[in-house]
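Text of query.txt, listed as compact mmCIF, C-alpha atoms:
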```
# COMPACT_ATOMS: atom_id res chain seq x y z
CA MET A 154 -17.00 39.73 -6.04
CA ARG A 155 -17.34 37.04 -3.37
CA GLU A 156 -14.55 36.38 -0.91
CA ARG A 157 -12.39 33.36 -1.64
CA ARG A 158 -12.74 30.56 0.89
CA ILE A 159 -9.59 28.89 2.23
CA LEU A 160 -9.74 25.65 4.24
CA VAL A 161 -6.82 25.37 6.67
CA VAL A 162 -6.17 21.80 7.84
CA GLU A 163 -3.65 21.79 10.69
CA ASP A 164 -3.77 19.94 14.02
CA GLU A 165 -1.43 22.32 15.86
CA ARG A 166 -3.89 24.97 16.99
CA THR A 167 -1.33 27.75 17.42
CA ILE A 168 -0.13 27.33 13.83
CA ALA A 169 -3.69 26.99 12.49
CA ASP A 170 -4.81 30.17 14.26
CA SER A 171 -1.78 32.12 13.03
CA ILE A 172 -2.44 31.03 9.43
CA ALA A 173 -6.11 31.92 9.76
CA VAL A 174 -5.34 35.39 11.14
CA ARG A 175 -2.96 36.14 8.27
CA LEU A 176 -5.29 34.85 5.56
CA ARG A 177 -8.27 36.76 6.96
CA ALA A 178 -6.10 39.88 6.94
CA GLU A 179 -5.50 39.15 3.24
CA GLY A 180 -9.26 39.25 2.63
CA PHE A 181 -10.09 35.53 2.62
CA THR A 182 -12.84 33.64 4.39
CA VAL A 183 -11.13 30.89 6.41
CA GLY A 184 -12.40 27.55 7.68
CA LEU A 185 -10.42 25.33 10.07
CA ALA A 186 -10.12 21.57 10.49
CA GLY A 187 -7.82 19.70 12.87
CA ASP A 188 -7.92 16.12 11.58
CA GLY A 189 -8.37 14.13 8.39
CA PRO A 190 -12.05 13.15 8.63
CA SER A 191 -13.24 16.64 9.63
CA ALA A 192 -11.19 18.16 6.79
CA VAL A 193 -12.91 15.97 4.19
CA GLU A 194 -16.30 16.75 5.69
CA ALA A 195 -15.57 20.50 5.79
CA ALA A 196 -14.54 20.45 2.11
CA ARG A 197 -17.74 18.57 1.23
CA ARG A 198 -19.98 20.88 3.25
CA GLU A 199 -18.47 24.17 2.06
CA PRO A 200 -16.27 23.61 -1.00
CA PRO A 201 -13.13 25.76 -0.64
CA ASP A 202 -11.31 27.70 -3.34
CA LEU A 203 -7.98 26.48 -1.92
CA VAL A 204 -6.78 24.12 0.81
CA VAL A 205 -3.77 24.69 3.07
CA LEU A 206 -3.05 21.14 4.22
CA ASP A 207 -0.63 19.74 6.79
CA VAL A 208 0.81 16.30 5.99
CA MET A 209 0.78 14.94 9.56
CA LEU A 210 -2.77 14.76 10.90
CA PRO A 211 -4.81 12.63 13.32
CA GLY A 212 -7.49 10.34 11.89
CA PHE A 213 -5.76 9.93 8.54
CA ASP A 214 -2.94 11.95 7.07
CA GLY A 215 -2.91 14.89 4.69
CA LEU A 216 -2.10 12.70 1.70
CA GLU A 217 -5.35 10.80 2.17
CA VAL A 218 -7.23 14.06 2.72
CA CYS A 219 -5.81 15.35 -0.56
CA ARG A 220 -6.82 12.16 -2.41
CA ARG A 221 -10.39 12.32 -1.14
CA ILE A 222 -10.87 16.03 -1.78
CA GLN A 223 -9.38 15.84 -5.28
CA ALA A 224 -11.54 12.80 -6.12
CA THR A 225 -14.68 14.94 -6.05
CA ARG A 226 -13.47 18.21 -7.60
CA PRO A 227 -10.14 19.79 -8.56
CA VAL A 228 -9.06 22.35 -5.99
CA PRO A 229 -5.63 23.93 -5.45
CA VAL A 230 -3.78 22.41 -2.49
CA LEU A 231 -0.81 23.96 -0.69
CA MET A 232 0.76 21.23 1.43
CA LEU A 233 2.64 21.90 4.67
CA THR A 234 5.43 19.49 5.54
CA ALA A 235 7.77 19.41 8.51
CA ARG A 236 10.46 17.58 6.55
CA ASP A 237 12.40 18.87 3.57
CA ASP A 238 12.33 15.43 1.96
CA GLU A 239 11.93 15.14 -1.80
CA ASN A 240 10.14 11.80 -1.57
CA ASP A 241 7.48 13.28 0.71
CA MET A 242 7.05 16.19 -1.69
CA LEU A 243 6.71 13.90 -4.70
CA VAL A 244 4.11 11.76 -2.95
CA GLY A 245 2.16 14.91 -2.13
CA LEU A 246 2.29 16.05 -5.74
CA ALA A 247 1.24 12.60 -6.94
CA VAL A 248 -1.97 12.64 -4.90
CA GLY A 249 -3.01 16.10 -6.09
CA ALA A 250 -1.09 18.79 -4.22
CA ASP A 251 -0.08 21.81 -6.32
CA ASP A 252 2.63 23.28 -4.14
CA TYR A 253 4.35 22.66 -0.83
CA ILE A 254 6.02 24.74 1.83
CA THR A 255 8.36 23.39 4.51
CA LYS A 256 7.98 24.22 8.19
CA PRO A 257 9.01 26.55 9.66
CA PHE A 258 7.78 29.16 7.20
CA SER A 259 6.90 32.82 7.34
CA MET A 260 3.26 33.86 7.10
CA ARG A 261 4.29 36.32 4.42
CA GLU A 262 5.61 33.47 2.26
CA LEU A 263 2.51 31.36 2.86
CA ALA A 264 0.22 34.24 1.85
CA ALA A 265 2.28 34.82 -1.29
CA ARG A 266 1.99 31.13 -2.24
CA VAL A 267 -1.78 31.22 -1.72
CA HIS A 268 -2.19 34.30 -3.91
CA ALA A 269 0.02 32.77 -6.61
CA LEU A 270 -2.01 29.55 -6.68
CA LEU A 271 -5.28 31.44 -6.97
CA ARG A 272 -3.89 33.64 -9.76
CA ARG A 273 -3.06 30.50 -11.72
CA VAL A 274 -6.61 29.25 -11.28
CA ASP A 275 -7.96 32.58 -12.53
CA ARG A 276 -5.68 32.49 -15.58
CA ALA A 277 -6.70 28.93 -16.34
CA GLN A 278 -10.38 29.83 -16.25
CA ALA A 279 -9.73 32.65 -18.72
CA VAL A 280 -7.96 30.40 -21.23
CA GLY A 281 -9.79 29.86 -24.51
CA PRO A 282 -10.96 26.41 -25.57
CA GLN A 283 -8.26 25.80 -28.21
CA PRO A 284 -6.87 22.26 -27.92
CA ILE A 285 -3.16 21.56 -28.24
CA VAL A 286 -2.08 18.51 -30.23
CA LEU A 287 1.64 17.72 -30.41
CA GLY A 288 2.38 14.29 -31.80
CA ASP A 289 0.72 11.76 -29.50
CA LEU A 290 0.06 14.38 -26.80
CA GLU A 291 -3.41 15.96 -26.66
CA ILE A 292 -4.28 18.79 -24.29
CA ASN A 293 -7.92 19.89 -23.99
CA GLN A 294 -7.67 23.30 -22.35
CA ALA A 295 -11.41 23.85 -22.10
CA GLU A 296 -11.91 20.64 -20.09
CA ARG A 297 -8.39 20.65 -18.59
CA ARG A 298 -7.82 17.06 -19.72
CA VAL A 299 -4.63 15.50 -21.05
CA SER A 300 -3.97 12.24 -22.86
CA ARG A 301 -0.98 10.63 -24.49
CA SER A 302 -1.36 7.89 -27.10
CA GLY A 303 -5.04 7.88 -26.22
CA VAL A 304 -4.47 7.22 -22.51
CA GLU A 305 -5.80 9.95 -20.23
CA ALA A 306 -3.65 11.16 -17.32
CA HIS A 307 -4.99 12.87 -14.20
CA LEU A 308 -2.96 16.05 -13.59
CA THR A 309 -3.14 18.51 -10.75
CA PRO A 310 -3.97 22.12 -11.68
CA THR A 311 -0.30 23.14 -11.42
CA GLU A 312 0.94 20.14 -13.41
CA PHE A 313 -1.58 21.02 -16.13
CA ASP A 314 -0.49 24.67 -16.22
CA LEU A 315 3.19 23.70 -16.40
CA LEU A 316 2.52 21.27 -19.24
CA VAL A 317 0.53 23.85 -21.21
CA HIS A 318 3.34 26.36 -20.73
CA LEU A 319 5.95 23.93 -22.03
CA ALA A 320 3.64 22.86 -24.88
CA GLY A 321 3.32 26.46 -25.98
CA ARG A 322 7.02 26.39 -26.90
CA PRO A 323 7.77 22.79 -27.92
CA ARG A 324 11.46 21.83 -28.11
CA THR A 325 12.40 25.22 -26.63
CA VAL A 326 14.48 25.06 -23.46
CA LEU A 327 12.81 27.12 -20.74
CA PRO A 328 14.96 28.00 -17.70
CA ARG A 329 13.69 26.98 -14.28
CA GLU A 330 13.68 30.61 -13.14
CA ARG A 331 11.49 31.59 -16.09
CA LEU A 332 9.05 28.75 -15.35
CA LEU A 333 8.86 29.83 -11.72
CA ALA A 334 8.08 33.39 -12.77
CA GLU A 335 5.58 32.58 -15.53
CA VAL A 336 3.79 29.53 -14.10
CA TRP A 337 4.11 30.01 -10.35
CA GLY A 338 4.32 33.80 -10.33
CA TRP A 339 7.49 33.79 -8.20
CA GLY A 340 9.86 36.57 -9.06
CA ASP A 341 12.85 35.81 -6.84
CA GLY A 342 14.06 32.66 -8.60
CA ALA A 343 14.00 30.66 -5.36
CA GLY A 344 12.38 27.27 -5.20
CA THR A 345 13.70 25.64 -8.37
CA ARG A 346 13.18 22.25 -6.70
CA THR A 347 9.47 22.95 -7.01
CA VAL A 348 9.85 22.95 -10.80
CA ASP A 349 11.97 19.79 -10.69
CA SER A 350 9.39 17.97 -8.56
CA HIS A 351 6.51 18.87 -10.87
CA VAL A 352 8.52 17.81 -13.94
CA LYS A 353 9.17 14.44 -12.26
CA ALA A 354 5.45 14.07 -11.62
CA LEU A 355 4.64 14.85 -15.27
CA ARG A 356 7.20 12.30 -16.45
CA ARG A 357 5.72 9.68 -14.16
CA LYS A 358 2.22 10.29 -15.49
CA LEU A 359 2.94 10.94 -19.17
CA GLY A 360 6.24 9.19 -19.89
CA ALA A 361 9.87 9.83 -19.04
CA ASP A 362 10.68 10.83 -22.63
CA LEU A 363 8.19 13.71 -22.79
CA ILE A 364 10.32 16.38 -21.09
CA ARG A 365 14.03 16.78 -21.76
CA THR A 366 16.38 18.10 -19.09
CA VAL A 367 19.09 20.54 -20.09
CA HIS A 368 21.38 20.37 -17.07
CA GLY A 369 22.07 23.67 -15.45
CA VAL A 370 19.42 25.41 -17.56
CA GLY A 371 15.90 24.01 -17.58
CA TYR A 372 13.44 21.85 -19.49
CA ALA A 373 12.01 21.39 -22.98
CA LEU A 374 8.94 19.48 -24.15
CA GLU A 375 9.81 16.80 -26.68
CA VAL A 376 7.09 15.45 -29.00
CA ARG A 377 7.01 12.48 -31.31
CA PRO A 378 4.83 11.76 -34.37
```
Do you think you could lay out the structure here as structure tokens?
Amino acid sequence: MRERRILVVEDERTIADSIAVRLRAEGFTVGLAGDGPSAVEAARREPPDLVVLDVMLPGFDGLEVCRRIQATRPVPVLMLTARDDENDMLVGLAVGADDYITKPFSMRELAARVHALLRRVDRAQAVGPQPIVLGDLEINQAERRVSRSGVEAHLTPTEFDLLVHLAGRPRTVLPRERLLAEVWGWGDGAGTRTVDSHVKALRRKLGADLIRTVHGVGYALEVRP
């Protein structure tokens, strides 16, 4: 089995080198880029299996890098941000990021996030081609395409996986901790804001009425005829 290739896009060389050392120790092939234009070119030249992407970059920022990379092919993106600001996180999710981690972070946590993202990709590739149709919502699992009332929405890989998970149990309230464990593969229950941010992105793309919040518990997918 070939080694997975990770593209690390970070302009602070010390951080980039530390990430690369840890990921190589985890068995990955690692490429490095220090600015926006070189990151896009590196992804075009040697398509990565996953991108670790800093938001603040010279040339153009990580959000634009994410847009350009995702425009050519879907690839999991773990975004690095120096600010724990929900608006920044939501913008990152909107342009195609699948997960985010706030600086400073431990290399152990970063490696765990990378492995979890790649596991989700592997599970998605193993899913059968059965479509899901719930009212006006149509999910084509084979092509990983989603539409509502005939209008197609572009979802990130993680948004798609979360939607499929909720659609597998329509109208059933799923706790945030359970979603973290079953979709993200996180077992410690931390990071419930990650679930909240992805739900907000799904509502923005598919309609605010699609997912119901049960305060203090979790979320349920609501469908209409």
Worksheet item: List as number ranges by chain: which residues have an atom within 8 Å of (-4.5, 25.1, -14.4), counting only C-alpha atoms?
Response: A: 273-274, 276-278, 297, 309-314
Worksheet item: A:Ser350, A:Val208, A:Thr325, A:Leu290: which is nearest A:Asp362, counting all atoms listed in the file?
Response: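 So, comparing all the options, the nearest one is A:Leu290.
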Worksheet item: Counting only C-alpha atoms, what is within 12 Å of A:Gly189, bar same-chain residues fewer than 4 positions away, as a list in words?
Response: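 Residues meeting the cut-off are Val161, Val162, Glu163, Asp164, Leu185, Val193, Glu194, Ala195, Ala196, Leu206, Asp207, Val208, Met209, Leu210, Pro211, Gly212, Phe213, Asp214, Gly215, Leu216, Glu217, Val218, Cys219, Arg220, Arg221 and Ile222 of chain A.
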Could those selected residues go to a file with C-alpha atoms, as a JSON list (two decimals), in the coordinates of the input?
```json
[["chain", "number", "residue", "atom", "x", "y", "z"],
["A", 161, "VAL", "CA", -6.82, 25.37, 6.67],
["A", 162, "VAL", "CA", -6.17, 21.80, 7.84],
["A", 163, "GLU", "CA", -3.65, 21.79, 10.69],
["A", 164, "ASP", "CA", -3.77, 19.94, 14.02],
["A", 185, "LEU", "CA", -10.42, 25.33, 10.07],
["A", 193, "VAL", "CA", -12.91, 15.97, 4.19],
["A", 194, "GLU", "CA", -16.30, 16.75, 5.69],
["A", 195, "ALA", "CA", -15.57, 20.50, 5.79],
["A", 196, "ALA", "CA", -14.54, 20.45, 2.11],
["A", 206, "LEU", "CA", -3.05, 21.14, 4.22],
["A", 207, "ASP", "CA", -0.63, 19.74, 6.79],
["A", 208, "VAL", "CA", 0.81, 16.30, 5.99],
["A", 209, "MET", "CA", 0.78, 14.94, 9.56],
["A", 210, "LEU", "CA", -2.77, 14.76, 10.90],
["A", 211, "PRO", "CA", -4.81, 12.63, 13.32],
["A", 212, "GLY", "CA", -7.49, 10.34, 11.89],
["A", 213, "PHE", "CA", -5.76, 9.93, 8.54],
["A", 214, "ASP", "CA", -2.94, 11.95, 7.07],
["A", 215, "GLY", "CA", -2.91, 14.89, 4.69],
["A", 216, "LEU", "CA", -2.10, 12.70, 1.70],
["A", 217, "GLU", "CA", -5.35, 10.80, 2.17],
["A", 218, "VAL", "CA", -7.23, 14.06, 2.72],
["A", 219, "CYS", "CA", -5.81, 15.35, -0.56],
["A", 220, "ARG", "CA", -6.82, 12.16, -2.41],
["A", 221, "ARG", "CA", -10.39, 12.32, -1.14],
["A", 222, "ILE", "CA", -10.87, 16.03, -1.78]]
```
Fill in: Shortest interatomic distance to A:Tyr253 - which of A:Leu308, A:Ala169, A:Val183, A:Val348, counting all atoms listed in the file
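Of A:Leu308, A:Ala169, A:Val183, A:Val348, the one nearest A:Tyr253, counting all atoms listed in the file, is A:Val348.
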Discussion item. Can you tell me which residues surround A:Val326 at a distance of at most 12 Å, considering only C-alpha atoms, apart from same-chain residues fewer than 6 positions away, and format the answer as a list in words?
Written reply: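 Answer for this query is His318, Leu319, Ala320, Leu332, Ile364, Arg365, Thr366, Val367, His368, Gly369, Val370, Gly371, Tyr372, Ala373, Leu374 and Glu375 of chain A.
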Worksheet entry | A:Gly180 environment, 8 Å, only C-alpha atoms, sequence neighbours closer than 3 positions dropped, as a list in words |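 What passes the distance filter is Glu156, Arg157, Leu176 and Arg177 of chain A.
The gap separating atom CA of A:Trp337 from atom CA of A:Leu231 is 12.4 Å, in Å to one decimal.
Counting only C-alpha atoms and comparing A:Asp202, A:Ile159, A:Arg324, A:Gly360, the residue that lies closest to A:Gly184 is A:Ile159.
We find atom CA of A:Glu165 and atom CA of A:Glu262 to be spaced 18.9 Å apart.
Going from atom CA of A:Ala186 to atom CA of A:Arg272 covers 24.4 Å.
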Around all listed atoms of stretch 323-333 of chain A, padded 3 Å per side, what centre and edge lengths does the axis-aligned box have in Å to one decimal, as AutoDock Vina command-line options?
```
--center_x 11.4 --center_y 26.7 --center_z -19.9 --size_x 13.2 --size_y 15.8 --size_z 22.4
```
Worksheet item: For A:Leu316, which residue among A:Leu287, A:Ala235, A:Ala250, A:Val174 is the nearest when counting only C-alpha atoms?
Response: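 Answer, going by the shortest atom-to-atom distance: A:Leu287.
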Practice prompt. Find the residues around A:Arg266 up to 12 Å (all atoms listed in the file counted), leave out those fewer than 4 positions away in its own chain, and share them as a count of residues only.
Written response: 28
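If you measure from each of A:Arg175, A:Val286, A:Val376, A:Arg166 to A:Leu263 using all atoms listed in the file, the closest one turns out to be A:Arg175.
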Discussion item. Here is a test: counting only C-alpha atoms, which residue of A:Ala173, A:Val317, A:Asp349, A:Pro201 is nearest to A:Val336?
Written reply: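 The answer is A:Val317, which sits nearest to A:Val336.
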